[in-house]
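**Student:** To start, I am sharing the structure in question, which I have written as structure tokens.
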Amino acid sequence: MSALTKAQMADRLFEELGLNKREAKEIVELFFEEVRAALERGDQVKLSGFGNFDLREKGERPGRNPKTGEEIPITARRVVTFRPGQKLKTRVEAYAGPRPE
Amino acid sequence: MTKSELIERIAARQAQLLAKDVELAVKTIMEHMSQTLAQGSRIEIRGFGSFSLHYRAPRIGRNPKTGESVGLAGKYVPHFKPGKDLRDRVNGAATDAAHHDGAQDR
């Protein structure tokens with residue numbers, strides 16, 4: 001089965017909720033844009049039933065250019081991590097189909 | 001930001017839709033995503049990131065109360081990989097903040 005994209009999410013809003021196609025597309029767009037904007041502000045995002053998007057501060061650490069072998073430090077940065085909620089974990093754990101790619 | 005705050009923010013930018021419709025839309029999107037992962041499929045959102053399943057091999061666990069060994073079956077766990085745009089925007093904000101109040105560890 002192919003990956004779920006924004007277009008398919010918009011189609012479902014059109015089919016199930018009767019939103020018009022433009023509204024459906026805009027809402028899907030805004031959904032991801034608002035989550036991104038919150039994380040950019042440094043705000044954790046908690047979507048109960050799905051999971052939390054957390055922010056972590058990573059200190060500088062030594063790195064290496066894999067091509068040249070040269071040592072270059074990896075600068076300190078802020079990264080996003082996703083912690084699935086219990087409900088999503090339970091649903092996914094039950095997956096017993098063919099090994100996903 | 002919680003789910004209800006997300007709904008409010010989207011509703012504020014979608015004047016022609018009722019808050020109730022936005023709420024239903026947000027819940028439908030989340031359910032669609034959960035369903036997709038529960039079926040073993042991926043989610044790919046350009047500029048945001050992708051969700052996939054990672055396999056956890058079977059292992060021997062221990063009951064912390066009795067110390068008894070229990071065999072735990074292999075399972076799948078949801079995994080999120082942030083996309084470049086999200087990574088850059090989150091990290092850009094961090095770099096700016098670091099100039100103001102120093103890098104903080106959490």
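Every chain in the structure tokens takes a letter, A first, then B, and so on in the order presented; its residues are numbered from 1, and the ligands are numbered from 1 following the presented order.
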Would you give me, as a list in words, the residues of chain A that come within 6 Å of chain B, using only C-alpha atoms?
**Tutor:**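 Putting it all together, I get Ala3, Leu4, Thr5, Glu40, Val45, Lys46, Leu47, Glu57, Arg77, Arg78, Phe82, Arg91, Val92, Glu93, Tyr95 and Pro100 of chain A.
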**Student:** Name all residues at most 7 Å from Gly49 of chain A (count only C-alpha atoms; drop same-chain ones fewer than 6 positions away) and give them as number ranges by chain.
**Tutor:** A: 85, 87-88
**Student:** Can you write out the residues you just picked, keeping C-alpha atoms, as an mmCIF file, in the first residue's frame?
**Tutor:**
```cif
data_model
loop_
_atom_site.group_PDB
_atom_site.id
_atom_site.type_symbol
_atom_site.label_atom_id
_atom_site.label_comp_id
_atom_site.auth_asym_id
_atom_site.auth_seq_id
_atom_site.Cartn_x
_atom_site.Cartn_y
_atom_site.Cartn_z
ATOM 1 C CA GLY A 85 0.494 7.995 22.718
ATOM 2 C CA LYS A 87 -3.667 4.456 22.084
ATOM 3 C CA LEU A 88 -1.584 4.688 18.899
#
```
**Student:** List every residue of chain A that DSSP, applied to the backbone, labels as alpha helix (DSSP H), and write the result as a PyMOL selection string.
**Tutor:** chain A and resi 6-17+21-40+86-93
**Student:** Find the distance between atom CA of Lys58 of chain A and atom CA of Ala76 of chain A and write it in Å to one decimal.
**Tutor:** 5.4 Å
**Student:** Residues of chain B in strand (DSSP E or B) according to DSSP, as a PyMOL selection string?
**Tutor:** chain B and resi 2+43-45+49-56+59-62+69-72+75-82
**Student:** Write the selection just made, keeping C-alpha atoms, as a CSV table (one decimal), in the first residue's frame?
**Tutor:**
```csv
chain,number,residue,atom,x,y,z
B,2,THR,CA,-3.0,20.9,22.7
B,43,ILE,CA,2.6,8.7,6.1
B,44,GLU,CA,4.6,11.2,4.0
B,45,ILE,CA,4.1,14.9,4.5
B,49,GLY,CA,8.1,14.6,8.0
B,50,SER,CA,7.3,11.0,7.6
B,51,PHE,CA,5.8,8.4,9.9
B,52,SER,CA,6.6,4.7,9.6
B,53,LEU,CA,6.8,1.6,11.7
B,54,HIS,CA,9.9,0.3,13.3
B,55,TYR,CA,10.2,-3.4,14.2
B,56,ARG,CA,11.2,-4.4,17.8
B,59,ARG,CA,12.9,-10.4,23.8
B,60,ILE,CA,12.9,-11.9,27.2
B,61,GLY,CA,11.4,-9.5,29.7
B,62,ARG,CA,11.1,-9.8,33.4
B,69,SER,CA,11.1,-14.2,33.0
B,70,VAL,CA,8.4,-13.7,30.3
B,71,GLY,CA,8.8,-14.0,26.6
B,72,LEU,CA,7.8,-10.8,24.8
B,75,LYS,CA,6.1,-5.8,17.7
B,76,TYR,CA,6.0,-2.6,15.7
B,77,VAL,CA,6.3,0.9,17.1
B,78,PRO,CA,5.4,4.2,15.4
B,79,HIS,CA,8.4,6.3,14.3
B,80,PHE,CA,8.6,9.9,13.1
B,81,LYS,CA,11.4,11.4,11.0
B,82,PRO,CA,11.1,15.2,10.8
```
**Student:** Could you tell me how far atom CA of Leu17 of chain A lies from atom CA of Leu18 of chain B, in Å and to one decimal?
**Tutor:**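 Between atom CA of Leu17 of chain A and atom CA of Leu18 of chain B the gap works out to 12.4 Å.
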**Student:** Calculated over only C-alpha atoms, which of the candidates A:Arg12, A:Arg61, A:Lys89, A:Lys6 has the smallest distance to Glu26 of chain A?
**Tutor:**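 Checking each candidate against Glu26 of chain A, we get A:Lys6 as the closest.
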**Student:** Separation of atom CA of Glu33 of chain A and atom CA of Ala19 of chain B, in Å?
**Tutor:**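 Answer for the atom CA of Glu33 of chain A to atom CA of Ala19 of chain B separation: 17.8 Å.
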**Student:** Select, from A:Ala94, A:Leu55, A:Leu30, A:Ala24, the residue with the minimum atom-to-atom distance to Ala7 of chain A, counting only C-alpha atoms.
**Tutor:**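 Looking only at the distances to Ala7 of chain A, the closest residue turns out to be A:Ala24.
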**Student:** Can you pull out the residues contacting Phe14 of chain A? Cut-off 10 Å, using only C-alpha atoms, and skip same-chain residues under 5 positions away; I want them as a list in words.
**Tutor:** Gln8, Met9, Leu19, Asn20, Lys21, Arg22, Glu23, Ala24 and Lys25 of chain A; Ala25 of chain B
**Student:** Would you mind telling me which residue in A:Val28, A:Pro73, A:Val35, A:Pro66 lies nearest to Phe53 of chain A when using only C-alpha atoms?
**Tutor:** A:Val35
**Student:** Taking only C-alpha atoms into account, which of A:Asp54, A:Arg64, A:Ser48, A:Thr90 comes nearest Arg36 of chain A?
**Tutor:**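 Going through A:Asp54, A:Arg64, A:Ser48, A:Thr90 one by one, the smallest distance to Arg36 of chain A is for A:Asp54.
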